[in-house]
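First comes the structure, then the notes that go with it.
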Amino acid sequence: MKFIFPQNYNFNNKLFGFIDYSTLILNILWGLIIFLFIHFIIPNITLKIILFIILFFSFFLLIII
């Protein structure tokens, strides 16, 4: 079966159909940097989790939108 795609259709491999792999690598690096920074500076585990969620997911939501 042969499908017809428009010439301007961008056919990229995506994770779960909505995020490019290059963007995923950028998100993983950003999360790793935030995790290491928070891990060495803040001793309280609850504060670590809250700061990681605020800093990482705000960036992640901007990338997805």
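Labeling convention for the structure tokens: chains A, B, ... as they appear, residues from 1 per chain, ligands from 1 in order of appearance.
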
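Near segment 36-38 of chain A, within a cut-off of 10 Å and counting only C-alpha atoms, sit the residues A:Asn44, A:Ile45, A:Leu47, A:Lys48, A:Ile49, A:Leu51, A:Phe52, with same-chain residues fewer than 6 positions away left out.
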
Within 9 Å of segment 16-30 of chain A, counting only C-alpha atoms, which residues qualify if same-chain residues fewer than 3 places away don't, as a CSV table (one decimal) with N, CA, C and O atoms, in the first residue's frame?
```
chain,number,residue,atom,x,y,z
A,12,ASN,N,9.3,13.1,11.1
A,12,ASN,CA,10.4,12.9,12.1
A,12,ASN,C,10.0,11.8,13.0
A,12,ASN,O,8.8,11.6,13.3
A,13,ASN,N,11.0,11.1,13.5
A,13,ASN,CA,10.7,10.1,14.6
A,13,ASN,C,10.5,10.9,15.9
A,13,ASN,O,11.3,11.7,16.2
A,33,ILE,N,21.4,18.7,35.1
A,33,ILE,CA,22.0,19.8,35.6
A,33,ILE,C,21.3,20.4,36.8
A,33,ILE,O,21.9,20.7,37.9
A,34,ILE,N,20.0,20.4,36.8
A,34,ILE,CA,19.2,20.9,37.9
A,34,ILE,C,19.4,20.0,39.1
A,34,ILE,O,19.5,20.4,40.2
A,35,PHE,N,19.3,18.6,38.8
A,35,PHE,CA,19.4,17.7,39.9
A,35,PHE,C,20.7,17.8,40.6
A,35,PHE,O,20.8,17.8,41.8
A,56,PHE,N,12.3,22.1,36.6
A,56,PHE,CA,12.3,21.2,35.5
A,56,PHE,C,11.0,21.2,34.7
A,56,PHE,O,11.0,21.4,33.5
A,59,PHE,N,10.2,24.3,32.5
A,59,PHE,CA,11.0,24.3,31.2
A,59,PHE,C,10.4,23.2,30.3
A,59,PHE,O,10.2,23.4,29.1
A,60,PHE,N,10.0,22.0,30.8
A,60,PHE,CA,9.5,21.0,30.1
A,60,PHE,C,8.1,21.3,29.4
A,60,PHE,O,7.9,21.0,28.3
A,63,ILE,N,8.7,23.6,26.5
A,63,ILE,CA,9.1,22.9,25.3
A,63,ILE,C,8.0,22.2,24.6
A,63,ILE,O,7.9,22.2,23.4
A,64,ILE,N,7.1,21.6,25.4
A,64,ILE,CA,6.0,20.9,24.8
A,64,ILE,C,4.9,21.8,24.1
A,64,ILE,O,4.4,21.5,23.0
```
